[in-house]
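input.cif, holding mmCIF, C-alpha atoms (C1' of nucleotides):
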```
data_query
loop_
_atom_site.label_atom_id
_atom_site.label_comp_id
_atom_site.auth_asym_id
_atom_site.auth_seq_id
_atom_site.Cartn_x
_atom_site.Cartn_y
_atom_site.Cartn_z
CA MET A 28 -15.56 25.79 12.61
CA ARG A 29 -16.79 22.23 12.14
CA ILE A 30 -15.04 19.44 10.30
CA GLY A 31 -16.87 19.97 7.01
CA GLU A 32 -15.80 23.58 6.71
CA LEU A 33 -12.23 22.70 7.69
CA ALA A 34 -12.18 20.03 5.01
CA ARG A 35 -13.58 22.39 2.37
CA ARG A 36 -11.07 25.10 3.22
CA THR A 37 -8.09 22.74 2.99
CA GLY A 38 -9.39 20.73 0.07
CA CYS A 39 -9.17 17.44 1.87
CA GLU A 40 -11.78 14.88 2.82
CA VAL A 41 -13.57 14.83 6.15
CA GLU A 42 -12.46 11.23 6.65
CA THR A 43 -8.87 12.23 6.07
CA VAL A 44 -9.10 14.88 8.80
CA ARG A 45 -10.42 12.31 11.26
CA TYR A 46 -7.69 9.93 10.11
CA TYR A 47 -4.97 12.50 10.83
CA GLU A 48 -6.43 13.03 14.28
CA LYS A 49 -6.41 9.30 14.96
CA GLU A 50 -2.80 9.12 13.78
CA GLY A 51 -1.79 11.91 16.16
CA LEU A 52 -0.92 14.51 13.51
CA LEU A 53 -3.67 17.00 14.23
CA THR A 54 -4.17 18.25 17.78
CA ILE A 55 -7.39 16.95 19.29
CA PRO A 56 -10.19 19.48 18.72
CA GLN A 57 -12.77 20.68 21.26
CA ARG A 58 -16.25 19.23 21.01
CA ASP A 59 -19.43 21.33 20.91
CA GLY A 60 -22.71 20.50 22.68
CA SER A 61 -23.64 17.90 20.06
CA GLY A 62 -20.29 16.16 20.23
CA TYR A 63 -19.19 17.68 16.93
CA ARG A 64 -15.51 18.56 16.49
CA SER A 65 -14.83 22.29 16.69
CA TYR A 66 -11.68 23.65 15.05
CA THR A 67 -9.70 26.89 15.45
CA GLY A 68 -7.63 28.86 12.96
CA GLN A 69 -4.52 27.27 14.52
CA GLN A 70 -5.78 23.85 13.60
CA LEU A 71 -6.64 25.00 10.10
CA GLU A 72 -3.01 26.06 9.67
CA GLU A 73 -1.84 22.81 11.14
CA LEU A 74 -3.88 20.84 8.62
CA GLN A 75 -2.65 23.02 5.78
CA PHE A 76 0.91 22.39 6.94
CA ILE A 77 0.26 18.66 6.82
CA ARG A 78 -1.39 18.80 3.40
CA HIS A 79 1.42 20.90 2.04
CA CYS A 80 4.02 18.40 3.24
CA ARG A 81 1.95 15.56 1.80
CA SER A 82 1.94 17.38 -1.54
CA LEU A 83 5.73 17.19 -1.32
CA GLY A 84 5.37 13.43 -1.02
CA MET A 85 6.46 13.14 2.59
CA PRO A 86 5.28 10.20 4.68
CA LEU A 87 3.16 10.94 7.73
CA ALA A 88 5.93 9.94 10.16
CA GLU A 89 8.21 12.64 8.79
CA ILE A 90 5.46 15.23 8.76
CA LYS A 91 4.90 14.41 12.41
CA ALA A 92 8.58 15.13 13.02
CA LEU A 93 8.34 18.43 11.13
CA LEU A 94 5.32 19.40 13.20
CA ARG A 95 7.43 18.95 16.32
CA PHE A 96 9.93 21.47 14.92
CA ARG A 97 7.02 23.80 14.26
CA TYR A 98 6.02 23.62 17.93
CA HIS A 99 9.65 24.01 19.09
CA PRO A 100 11.16 26.86 17.04
CA GLN A 101 14.19 26.97 19.33
CA TRP A 102 15.32 23.49 18.29
CA ASP A 103 18.33 23.06 16.02
CA CYS A 104 17.07 22.81 12.45
CA ALA A 105 19.56 20.12 11.45
CA GLY A 106 16.77 17.57 11.80
CA VAL A 107 14.63 19.53 9.36
CA ASN A 108 17.39 19.49 6.77
CA ALA A 109 17.89 15.78 7.31
CA ILE A 110 14.21 15.11 6.63
CA LEU A 111 14.38 17.13 3.42
CA ASP A 112 17.53 15.34 2.31
CA THR A 113 15.96 11.98 2.98
CA GLN A 114 12.91 12.94 1.00
CA ILE A 115 15.00 14.22 -1.91
CA ALA A 116 17.01 11.00 -1.95
CA ARG A 117 13.84 8.94 -1.86
CA VAL A 118 12.31 10.79 -4.78
CA GLN A 119 15.53 10.56 -6.78
CA GLU A 120 15.69 6.84 -6.23
CA GLN A 121 12.08 6.37 -7.26
CA MET A 122 12.76 8.37 -10.42
CA ARG A 123 15.75 6.23 -11.31
CA GLY A 124 13.61 3.13 -10.90
CA LEU A 125 10.83 4.53 -13.04
CA GLN A 126 13.27 5.69 -15.69
CA SER A 127 14.71 2.24 -16.25
CA LEU A 128 11.22 0.75 -16.11
CA LEU A 129 10.12 3.12 -18.81
CA GLU A 130 13.03 2.22 -21.07
CA GLN A 131 12.30 -1.47 -20.71
CA LEU A 132 8.61 -0.94 -21.39
CA HIS A 133 9.33 1.09 -24.51
CA LEU A 134 11.67 -1.57 -25.88
CA LEU A 135 9.10 -4.25 -25.18
CA ARG A 136 6.29 -2.24 -26.72
CA MET A 137 8.19 -1.84 -29.97
CA GLU A 138 8.28 -5.60 -30.41
CA CYS A 139 4.70 -5.60 -31.60
CA ALA A 140 3.88 -3.34 -34.53
CA HIS A 141 0.53 -4.65 -35.75
CA ARG A 142 -2.44 -6.74 -34.65
CA GLN A 143 -1.87 -10.44 -34.77
CA GLN A 144 -2.39 -13.59 -32.76
CA ALA A 145 -1.04 -13.36 -29.22
CA GLY A 146 1.15 -16.38 -29.97
CA GLU A 147 2.94 -14.42 -32.69
CA CYS A 148 3.02 -11.12 -30.84
CA GLY A 149 6.56 -9.94 -30.14
CA ILE A 150 5.58 -8.72 -26.70
CA MET A 151 4.17 -12.06 -25.63
CA LYS A 152 7.11 -13.86 -27.21
CA ASN A 153 9.50 -11.76 -25.19
CA LEU A 154 7.59 -12.29 -21.96
CA ASN A 155 7.41 -16.02 -22.56
CA GLN A 156 11.13 -16.12 -23.30
CA ALA A 157 11.84 -14.35 -20.03
CA ALA A 158 9.64 -16.87 -18.24
CA LYS A 159 11.88 -19.64 -19.55
CA GLY A 160 14.93 -17.86 -18.18
CA GLU A 161 16.17 -17.06 -21.66
CA PRO A 162 17.63 -13.67 -22.50
CA CYS A 163 14.96 -11.02 -23.04
CA LEU A 164 14.85 -7.34 -23.86
CA CYS A 165 14.83 -6.21 -20.27
CA HIS A 166 17.42 -8.65 -18.99
CA PRO A 167 19.62 -9.50 -21.95
CA LEU A 168 21.96 -11.74 -19.95
CA PRO A 169 20.47 -15.07 -18.87
CA GLU A 170 21.88 -14.88 -15.35
CA GLY A 171 20.44 -11.42 -14.80
CA CYS A 172 16.93 -12.58 -15.60
CA ALA A 173 15.39 -13.48 -12.24
CA MET B 10 9.48 -29.65 -6.68
CA ARG B 11 8.21 -28.24 -3.41
CA ILE B 12 7.45 -24.62 -2.67
CA GLY B 13 10.83 -23.83 -1.12
CA GLU B 14 12.76 -24.88 -4.20
CA LEU B 15 10.35 -23.04 -6.47
CA ALA B 16 10.85 -19.91 -4.40
CA ARG B 17 14.63 -20.25 -4.46
CA ARG B 18 14.70 -20.77 -8.21
CA THR B 19 12.56 -17.71 -8.91
CA GLY B 20 14.05 -15.53 -6.21
CA CYS B 21 10.76 -14.88 -4.54
CA GLU B 22 9.45 -15.64 -1.07
CA VAL B 23 7.49 -18.76 -0.22
CA GLU B 24 4.71 -16.60 1.18
CA THR B 25 4.52 -14.67 -2.07
CA VAL B 26 4.02 -17.91 -4.01
CA ARG B 27 1.15 -18.90 -1.73
CA TYR B 28 -0.23 -15.38 -2.09
CA TYR B 29 -0.21 -15.61 -5.90
CA GLU B 30 -2.03 -18.91 -5.67
CA LYS B 31 -4.67 -17.40 -3.41
CA GLU B 32 -5.07 -14.47 -5.82
CA GLY B 33 -5.60 -16.85 -8.72
CA LEU B 34 -2.41 -16.02 -10.63
CA LEU B 35 -0.63 -19.34 -10.27
CA THR B 36 -2.44 -22.53 -11.25
CA ILE B 37 -3.27 -24.66 -8.22
CA PRO B 38 -0.48 -27.22 -7.66
CA GLN B 39 -0.86 -30.91 -6.88
CA ARG B 40 -0.34 -32.02 -3.28
CA ASP B 41 1.96 -34.84 -2.20
CA GLY B 42 1.25 -37.40 0.51
CA SER B 43 2.03 -34.93 3.28
CA GLY B 44 -0.18 -32.21 1.85
CA TYR B 45 2.81 -30.28 0.54
CA ARG B 46 2.42 -28.36 -2.72
CA SER B 47 4.18 -30.04 -5.66
CA TYR B 48 5.14 -27.89 -8.64
CA THR B 49 6.01 -28.68 -12.28
CA GLY B 50 8.33 -26.93 -14.71
CA GLN B 51 5.24 -25.34 -16.26
CA GLN B 52 4.41 -23.69 -12.99
CA LEU B 53 7.99 -22.54 -12.54
CA GLU B 54 7.71 -20.76 -15.89
CA GLU B 55 4.37 -19.32 -14.89
CA LEU B 56 5.83 -17.89 -11.72
CA GLN B 57 8.81 -16.49 -13.61
CA PHE B 58 6.41 -14.87 -16.06
CA ILE B 59 4.60 -13.22 -13.16
CA ARG B 60 7.81 -12.05 -11.48
CA HIS B 61 9.10 -10.67 -14.74
CA CYS B 62 5.93 -8.65 -15.29
CA ARG B 63 6.08 -7.44 -11.69
CA SER B 64 9.64 -6.27 -12.33
CA LEU B 65 8.12 -4.15 -15.10
CA GLY B 66 5.89 -2.57 -12.47
CA MET B 67 2.65 -4.12 -13.62
CA PRO B 68 -0.20 -4.61 -11.17
CA LEU B 69 -1.40 -8.15 -10.52
CA ALA B 70 -4.70 -7.58 -12.30
CA GLU B 71 -2.92 -6.81 -15.56
CA ILE B 72 -0.53 -9.70 -15.13
CA LYS B 73 -3.57 -11.91 -14.75
CA ALA B 74 -4.84 -10.57 -18.06
CA LEU B 75 -1.47 -11.22 -19.72
CA LEU B 76 -1.49 -14.77 -18.39
CA ARG B 77 -4.80 -15.31 -20.15
CA PHE B 78 -3.15 -14.29 -23.43
CA ARG B 79 -0.37 -16.74 -22.63
CA TYR B 80 -2.92 -19.54 -22.33
CA HIS B 81 -4.78 -18.42 -25.46
CA PRO B 82 -2.13 -17.75 -28.12
CA GLN B 83 -4.82 -17.50 -30.80
CA TRP B 84 -6.37 -14.39 -29.28
CA ASP B 85 -5.90 -11.01 -30.91
CA CYS B 86 -2.92 -9.35 -29.28
CA ALA B 87 -4.51 -5.88 -29.27
CA GLY B 88 -5.28 -6.39 -25.58
CA VAL B 89 -1.62 -7.07 -24.86
CA ASN B 90 -0.61 -3.82 -26.53
CA ALA B 91 -3.27 -1.96 -24.61
CA ILE B 92 -1.90 -3.28 -21.31
CA LEU B 93 1.61 -2.17 -22.25
CA ASP B 94 0.38 1.25 -23.32
CA THR B 95 -1.51 1.68 -20.07
CA GLN B 96 1.56 0.71 -18.10
CA ILE B 97 3.78 3.09 -20.07
CA ALA B 98 1.32 5.93 -19.52
CA ARG B 99 1.15 5.15 -15.81
CA VAL B 100 4.91 5.19 -15.43
CA GLN B 101 5.21 8.41 -17.43
CA GLU B 102 2.64 10.11 -15.25
CA GLN B 103 4.39 8.97 -12.08
CA MET B 104 7.65 10.33 -13.43
CA ARG B 105 6.13 13.70 -14.21
CA GLY B 106 4.80 13.86 -10.67
CA LEU B 107 8.15 12.93 -9.16
CA GLN B 108 9.97 15.40 -11.39
CA SER B 109 7.96 18.37 -10.18
CA LEU B 110 8.20 17.10 -6.60
CA LEU B 111 11.96 16.98 -6.91
CA GLU B 112 12.17 20.53 -8.21
CA GLN B 113 10.05 21.80 -5.33
CA LEU B 114 12.09 19.89 -2.79
CA HIS B 115 15.35 21.25 -4.19
CA LEU B 116 14.08 24.82 -4.04
CA LEU B 117 12.90 24.32 -0.49
CA ARG B 118 16.14 22.68 0.58
CA MET B 119 18.18 25.64 -0.62
CA GLU B 120 16.33 27.91 1.79
CA CYS B 121 18.44 26.67 4.65
CA ALA B 122 22.19 26.93 4.27
CA HIS B 123 23.48 26.50 7.82
CA ARG B 124 22.43 25.19 11.23
CA GLN B 125 20.22 27.52 13.20
CA GLN B 126 17.08 27.55 15.30
CA ALA B 127 14.10 25.93 13.60
CA GLY B 128 12.20 29.19 13.97
CA GLU B 129 14.79 30.95 11.78
CA CYS B 130 15.26 28.08 9.33
CA GLY B 131 14.25 29.01 5.80
CA ILE B 132 12.68 25.62 5.25
CA MET B 133 10.43 25.85 8.29
CA LYS B 134 9.60 29.46 7.43
CA ASN B 135 8.50 28.41 4.00
CA LEU B 136 6.41 25.54 5.28
CA ASN B 137 4.78 27.77 7.88
CA GLN B 138 4.06 30.37 5.25
CA ALA B 139 2.40 27.76 3.09
CA ALA B 140 0.34 26.66 6.09
CA LYS B 141 -1.02 30.20 6.37
CA GLY B 142 -2.04 30.12 2.71
CA GLU B 143 0.61 32.65 1.80
CA PRO B 144 2.72 32.26 -1.34
CA CYS B 145 5.49 29.73 -0.91
CA LEU B 146 8.26 28.31 -3.05
CA CYS B 147 6.23 25.41 -4.31
CA HIS B 148 2.99 27.28 -4.90
CA PRO B 149 3.99 30.88 -5.56
CA LEU B 150 0.43 32.09 -6.21
CA PRO B 151 -1.77 32.27 -3.11
CA GLU B 152 -4.81 30.70 -4.79
CA GLY B 153 -2.79 27.75 -6.05
CA CYS B 154 -1.65 26.85 -2.54
CA ALA B 155 -4.12 24.28 -1.31
"C1'" DT C 18 15.11 -43.97 19.66
"C1'" DA C 19 15.09 -39.22 20.86
"C1'" DG C 20 16.01 -34.74 19.78
"C1'" DA C 21 17.31 -31.09 16.70
"C1'" DC C 22 16.49 -28.70 12.65
"C1'" DA C 23 14.76 -27.47 8.18
"C1'" DC C 24 10.87 -27.40 5.90
"C1'" DC C 25 5.82 -27.35 5.17
"C1'" DC C 26 0.76 -26.10 6.45
"C1'" DT C 27 -3.37 -22.69 7.60
"C1'" DG C 28 -5.35 -18.48 8.99
"C1'" DA C 29 -5.09 -13.97 10.65
"C1'" DA C 30 -3.02 -9.53 11.24
"C1'" DG C 31 0.08 -5.77 9.91
"C1'" DT C 32 2.15 -2.28 6.45
"C1'" DA C 33 0.74 3.28 4.16
"C1'" DG C 34 -2.61 6.50 3.52
"C1'" DC C 35 -6.36 6.91 2.89
"C1'" DT C 36 -11.57 5.75 1.11
"C1'" DA C 37 -15.95 3.71 1.72
"C1'" DT C 38 -19.65 1.65 4.17
"C1'" DA C 39 -23.05 0.65 7.88
"C1'" DG C 40 -25.85 2.37 11.20
"C1'" DG C 41 -26.99 5.97 13.76
"C1'" DG C 42 -27.61 11.15 15.91
"C1'" DT C 43 -28.35 16.61 15.19
"C1'" DC C 44 -30.30 20.55 13.25
"C1'" DA C 45 -32.49 24.01 10.25
"C1'" DA C 46 -35.75 24.83 6.51
"C1'" DG C 47 -40.09 24.07 4.31
"C1'" DC D 24 -43.13 16.44 10.46
"C1'" DT D 25 -40.33 15.28 7.00
"C1'" DT D 26 -36.44 16.13 4.08
"C1'" DG D 27 -31.71 16.96 3.58
"C1'" DA D 28 -27.23 18.30 4.96
"C1'" DC D 29 -24.24 17.54 8.21
"C1'" DC D 30 -22.00 15.01 12.11
"C1'" DC D 31 -20.62 10.67 14.97
"C1'" DT D 32 -18.25 5.81 15.69
"C1'" DA D 33 -16.51 1.57 14.22
"C1'" DT D 34 -15.24 -1.44 10.67
"C1'" DA D 35 -13.70 -3.09 6.21
"C1'" DG D 36 -11.45 -2.36 1.79
"C1'" DC D 37 -7.60 -1.03 -1.36
"C1'" DT D 38 -2.17 -3.09 -3.22
"C1'" DA D 39 1.20 -6.51 -2.83
"C1'" DC D 40 3.06 -8.41 0.16
"C1'" DT D 41 5.26 -9.67 4.98
"C1'" DT D 42 4.96 -11.43 9.51
"C1'" DC D 43 3.26 -14.13 13.09
"C1'" DA D 44 1.03 -17.82 15.81
"C1'" DG D 45 0.48 -22.47 16.26
"C1'" DG D 46 1.17 -26.73 14.54
"C1'" DG D 47 2.63 -30.93 11.32
"C1'" DT D 48 6.47 -33.57 8.46
"C1'" DG D 49 10.92 -35.49 7.29
"C1'" DT D 50 15.65 -36.46 7.76
"C1'" DC D 51 20.01 -36.57 10.19
"C1'" DT D 52 22.71 -37.33 14.16
"C1'" DA D 53 23.86 -38.86 19.09
#
```

Turn this file's structure into structure tokens for me.
Amino acid sequence: MRIGELARRTGCEVETVRYYEKEGLLTIPQRDGSGYRSYTGQQLEELQFIRHCRSLGMPLAEIKALLRFRYHPQWDCAGVNAILDTQIARVQEQMRGLQSLLEQLHLLRMECAHRQQAGECGIMKNLNQAAKGEPCLCHPLPEGCA
Amino acid sequence: MRIGELARRTGCEVETVRYYEKEGLLTIPQRDGSGYRSYTGQQLEELQFIRHCRSLGMPLAEIKALLRFRYHPQWDCAGVNAILDTQIARVQEQMRGLQSLLEQLHLLRMECAHRQQAGECGIMKNLNQAAKGEPCLCHPLPEGCA
DNA sequence: TAGACACCCTGAAGTAGCTATAGGGTCAAG
DNA sequence: CTTGACCCTATAGCTACTTCAGGGTGTCTA
């Protein structure tokens, strides 16, 4: 099959397929008489593997590593587990960051209840206070307010 | 003060300060006899305002908009609220995404309890199954498994 | 007075993972 | 013979920085 059909069947863009090839994730396809890429069912699976891992938020470098385990089923799977653990830790850390961000944003948002001049707006007042290094909602202690 | 001191006092890199200037966030500083940038207390506050907003996860474009409200305190603050609401919605959406990612990753991780060959590893089996379009942990229904 | 060192300058390239654009070739249908 | 869908390569753009190359400035010490 050609690149367009491959893209349709995996739900990813043609450019993305070529990008994965350039990055060494997809095995290089054969070319037909017109120089068009020609893909096999193997390569379709390979691309679906990649897309699936991407949907789990994994970076391309780690997907590349997982692909190597796919090609070498006799390898010890400890490396696979390590990649998963890393990914879980990464996602957990991102969530912690977003959680505290969200709390700060909510607090800040509540400082302004109705339309008024920006100079009187509790949100702007808080942001301007923080800019002066004074205590603010997000960083109540002066020394914590970078 | 020169750029190094400004950077130290705000806890950001010299290159980042120059970058903000190039992007039009920081007002252009005076230059001294040697062509070095010379900053005022006003500009220190401006930079701290920017860094504070960045610590709330806001993109530079929205910080730019907030800075305009800072310079125009008589403007209606509805725009400020809108920026906050957008940011809150963005963070909430990211968290939802990460939450479902985390659940999928945990399920997948539990498929492999002990060291073995990659070919027998429950994680790799699941990923390979997904690659074939078969039901997997993350996308139990075949048609949902892109 | 010479050298060392910290600091400053500009401009360009690199990071992740694509997406988009320019400028062209191939092929089947009407 | 033209239209349209598809394919090709190479390059630039996106965010928010960081890094690097190559060079100038300013002060302190030997």

Can you pull out the residues contacting DG28 of chain C? Cut-off 12 Å, using all atoms listed in the file, and skip same-chain residues under 6 positions away; I want them as number ranges by chain. D: 43-46

Save out the residues we just selected, C-alpha atoms (C1' of nucleotides), as an mmCIF file, keeping the file's coordinate frame.
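Just written: out20.cif:
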```cif
data_model
loop_
_atom_site.group_PDB
_atom_site.id
_atom_site.type_symbol
_atom_site.label_atom_id
_atom_site.label_comp_id
_atom_site.auth_asym_id
_atom_site.auth_seq_id
_atom_site.Cartn_x
_atom_site.Cartn_y
_atom_site.Cartn_z
ATOM 1 C "C1'" DC D 43 3.260 -14.130 13.090
ATOM 2 C "C1'" DA D 44 1.030 -17.820 15.810
ATOM 3 C "C1'" DG D 45 0.480 -22.470 16.260
ATOM 4 C "C1'" DG D 46 1.170 -26.730 14.540
#
```

Applied to this file, what does the PyMOL selection byres ((chain B and resi 69) around 12) return in terms of residues, put as a list in words? Tyr28, Tyr29, Glu30, Glu32, Gly33, Leu34, Leu35, Phe58, Ile59, Arg60, His61, Cys62, Arg63, Ser64, Leu65, Gly66, Met67, Pro68, Ala70, Glu71, Ile72, Lys73, Ala74, Leu75, Leu76 and Ile92 of chain B; DT38, DA39 and DC40 of chain D

Any chance you could tabulate, as a Markdown table, the residues of chain A at most 8 Å from chain C with each one's nearest atom pair and distance in Å to one decimal, using all atoms listed in the file, in chain and rising number order?
```
| residue | atom | partner | partner_atom | distance |
| --- | --- | --- | --- | --- |
| A:Glu42 | CA | C:DT36 | C1' | 7.8 |
| A:Thr43 | CA | C:DC35 | C1' | 6.7 |
| A:Tyr46 | CA | C:DC35 | C1' | 7.9 |
| A:Ser61 | CA | C:DT43 | C1' | 6.9 |
```

Set the distance at 9 Å and use only C-alpha atoms (C1' of nucleotides): which residues neighbour Ala158 of chain A once local chain neighbours fewer than 2 positions away are removed? I'd like the list as an MDAnalysis selection string. (chainID A and resid 153:156 160:161 172:173) or (chainID B and resid 53:61)

Transformed chain A, reference chain B, full Cα set in order, as a tab-separated table (two decimals) with C-alpha atoms, in the frame of the given file:
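And here is the file that came out, result13.tsv:
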```tsv
chain	number	residue	atom	x	y	z
A	28	MET	CA	9.49	-29.55	-6.65
A	29	ARG	CA	8.24	-28.09	-3.38
A	30	ILE	CA	7.47	-24.47	-2.65
A	31	GLY	CA	10.87	-23.68	-1.12
A	32	GLU	CA	12.78	-24.77	-4.19
A	33	LEU	CA	10.36	-22.91	-6.47
A	34	ALA	CA	10.85	-19.78	-4.40
A	35	ARG	CA	14.65	-20.12	-4.46
A	36	ARG	CA	14.71	-20.65	-8.22
A	37	THR	CA	12.56	-17.59	-8.92
A	38	GLY	CA	14.06	-15.41	-6.22
A	39	CYS	CA	10.76	-14.72	-4.55
A	40	GLU	CA	9.46	-15.47	-1.09
A	41	VAL	CA	7.51	-18.59	-0.19
A	42	GLU	CA	4.73	-16.40	1.20
A	43	THR	CA	4.55	-14.52	-2.07
A	44	VAL	CA	4.06	-17.77	-3.99
A	45	ARG	CA	1.19	-18.75	-1.71
A	46	TYR	CA	-0.20	-15.23	-2.08
A	47	TYR	CA	-0.19	-15.49	-5.88
A	48	GLU	CA	-2.01	-18.80	-5.63
A	49	LYS	CA	-4.64	-17.28	-3.36
A	50	GLU	CA	-5.05	-14.39	-5.79
A	51	GLY	CA	-5.60	-16.79	-8.69
A	52	LEU	CA	-2.42	-15.96	-10.62
A	53	LEU	CA	-0.64	-19.27	-10.24
A	54	THR	CA	-2.45	-22.47	-11.19
A	55	ILE	CA	-3.26	-24.58	-8.15
A	56	PRO	CA	-0.47	-27.12	-7.57
A	57	GLN	CA	-0.86	-30.83	-6.77
A	58	ARG	CA	-0.33	-31.89	-3.18
A	59	ASP	CA	1.98	-34.72	-2.11
A	60	GLY	CA	1.27	-37.27	0.64
A	61	SER	CA	2.08	-34.77	3.39
A	62	GLY	CA	-0.14	-32.08	1.95
A	63	TYR	CA	2.85	-30.14	0.63
A	64	ARG	CA	2.46	-28.23	-2.64
A	65	SER	CA	4.19	-29.92	-5.57
A	66	TYR	CA	5.15	-27.80	-8.57
A	67	THR	CA	6.03	-28.62	-12.20
A	68	GLY	CA	8.33	-26.88	-14.65
A	69	GLN	CA	5.23	-25.29	-16.21
A	70	GLN	CA	4.40	-23.63	-12.94
A	71	LEU	CA	7.98	-22.48	-12.51
A	72	GLU	CA	7.70	-20.70	-15.86
A	73	GLU	CA	4.37	-19.29	-14.88
A	74	LEU	CA	5.83	-17.81	-11.71
A	75	GLN	CA	8.80	-16.43	-13.62
A	76	PHE	CA	6.39	-14.83	-16.07
A	77	ILE	CA	4.59	-13.18	-13.18
A	78	ARG	CA	7.80	-12.00	-11.52
A	79	HIS	CA	9.08	-10.64	-14.78
A	80	CYS	CA	5.90	-8.63	-15.32
A	81	ARG	CA	6.07	-7.40	-11.73
A	82	SER	CA	9.62	-6.22	-12.39
A	83	LEU	CA	8.09	-4.12	-15.16
A	84	GLY	CA	5.86	-2.55	-12.53
A	85	MET	CA	2.61	-4.09	-13.70
A	86	PRO	CA	-0.24	-4.56	-11.24
A	87	LEU	CA	-1.42	-8.09	-10.56
A	88	ALA	CA	-4.74	-7.56	-12.37
A	89	GLU	CA	-2.94	-6.80	-15.62
A	90	ILE	CA	-0.54	-9.68	-15.19
A	91	LYS	CA	-3.57	-11.91	-14.78
A	92	ALA	CA	-4.85	-10.59	-18.11
A	93	LEU	CA	-1.48	-11.23	-19.76
A	94	LEU	CA	-1.49	-14.77	-18.41
A	95	ARG	CA	-4.80	-15.33	-20.17
A	96	PHE	CA	-3.15	-14.34	-23.46
A	97	ARG	CA	-0.37	-16.78	-22.66
A	98	TYR	CA	-2.91	-19.59	-22.33
A	99	HIS	CA	-4.77	-18.48	-25.49
A	100	PRO	CA	-2.11	-17.80	-28.15
A	101	GLN	CA	-4.78	-17.61	-30.85
A	102	TRP	CA	-6.34	-14.49	-29.32
A	103	ASP	CA	-5.86	-11.11	-30.98
A	104	CYS	CA	-2.89	-9.41	-29.34
A	105	ALA	CA	-4.48	-5.96	-29.36
A	106	GLY	CA	-5.26	-6.44	-25.67
A	107	VAL	CA	-1.60	-7.11	-24.95
A	108	ASN	CA	-0.58	-3.88	-26.63
A	109	ALA	CA	-3.26	-2.00	-24.71
A	110	ILE	CA	-1.90	-3.31	-21.40
A	111	LEU	CA	1.61	-2.21	-22.35
A	112	ASP	CA	0.39	1.21	-23.42
A	113	THR	CA	-1.49	1.65	-20.18
A	114	GLN	CA	1.56	0.68	-18.21
A	115	ILE	CA	3.78	3.06	-20.17
A	116	ALA	CA	1.33	5.90	-19.62
A	117	ARG	CA	1.15	5.12	-15.93
A	118	VAL	CA	4.90	5.15	-15.52
A	119	GLN	CA	5.22	8.38	-17.51
A	120	GLU	CA	2.65	10.05	-15.34
A	121	GLN	CA	4.36	8.91	-12.16
A	122	MET	CA	7.65	10.27	-13.48
A	123	ARG	CA	6.12	13.65	-14.24
A	124	GLY	CA	4.77	13.79	-10.70
A	125	LEU	CA	8.09	12.85	-9.19
A	126	GLN	CA	9.94	15.32	-11.38
A	127	SER	CA	7.94	18.29	-10.18
A	128	LEU	CA	8.15	17.00	-6.61
A	129	LEU	CA	11.89	16.87	-6.90
A	130	GLU	CA	12.12	20.43	-8.18
A	131	GLN	CA	10.01	21.71	-5.33
A	132	LEU	CA	12.04	19.78	-2.78
A	133	HIS	CA	15.31	21.12	-4.16
A	134	LEU	CA	14.07	24.71	-4.03
A	135	LEU	CA	12.87	24.20	-0.48
A	136	ARG	CA	16.10	22.54	0.59
A	137	MET	CA	18.16	25.49	-0.62
A	138	GLU	CA	16.33	27.78	1.78
A	139	CYS	CA	18.42	26.51	4.65
A	140	ALA	CA	22.18	26.74	4.26
A	141	HIS	CA	23.47	26.30	7.81
A	142	ARG	CA	22.44	25.01	11.22
A	143	GLN	CA	20.25	27.34	13.17
A	144	GLN	CA	17.13	27.40	15.28
A	145	ALA	CA	14.14	25.78	13.60
A	146	GLY	CA	12.27	29.07	13.99
A	147	GLU	CA	14.84	30.80	11.78
A	148	CYS	CA	15.28	27.95	9.34
A	149	GLY	CA	14.24	28.89	5.81
A	150	ILE	CA	12.66	25.51	5.26
A	151	MET	CA	10.43	25.76	8.30
A	152	LYS	CA	9.63	29.38	7.47
A	153	ASN	CA	8.50	28.34	4.03
A	154	LEU	CA	6.40	25.48	5.33
A	155	ASN	CA	4.80	27.70	7.94
A	156	GLN	CA	4.07	30.33	5.31
A	157	ALA	CA	2.37	27.72	3.16
A	158	ALA	CA	0.32	26.65	6.16
A	159	LYS	CA	-1.00	30.20	6.44
A	160	GLY	CA	-2.04	30.12	2.80
A	161	GLU	CA	0.63	32.63	1.86
A	162	PRO	CA	2.70	32.23	-1.28
A	163	CYS	CA	5.49	29.68	-0.88
A	164	LEU	CA	8.22	28.22	-3.03
A	165	CYS	CA	6.16	25.33	-4.27
A	166	HIS	CA	2.95	27.25	-4.85
A	167	PRO	CA	3.98	30.83	-5.53
A	168	LEU	CA	0.42	32.05	-6.16
A	169	PRO	CA	-1.78	32.25	-3.07
A	170	GLU	CA	-4.80	30.70	-4.77
A	171	GLY	CA	-2.78	27.73	-5.98
A	172	CYS	CA	-1.67	26.86	-2.47
A	173	ALA	CA	-4.20	24.31	-1.23
```

Taking the file above as input, evaluate the PyMOL selection byres ((chain B) within 8 of (chain A)) and report the hits as a ChimeraX atom specification. /B:19-20,54-58,60-62,65-66,78-79,81-87,89-90,93-94,96-97,100-101,103-104,107-108,110-111,113-115,118,121,124-130,132-133,136-137,139-142,155

If you take all atoms listed in the file and a cut-off of 10 Å, which residues of chain A touch chain D, and what are their nearest atom pairs and distances in Å to one decimal, in chain and number order, as CSV?
```
residue,atom,partner,partner_atom,distance
A:Arg29,CA,D:DC30,C1',8.9
A:Ile30,CA,D:DC30,C1',8.4
A:Gly31,CA,D:DC29,C1',7.9
A:Ser61,CA,D:DC30,C1',8.6
A:Gly62,CA,D:DC31,C1',7.6
A:Tyr63,CA,D:DC30,C1',6.2
A:Arg64,CA,D:DC30,C1',8.6
```

For atom CA of Pro38 of chain B and atom CA of Arg17 of chain B, the interatomic separation in Å (one decimal):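 Between these atoms lies a distance of 16.9 Å.
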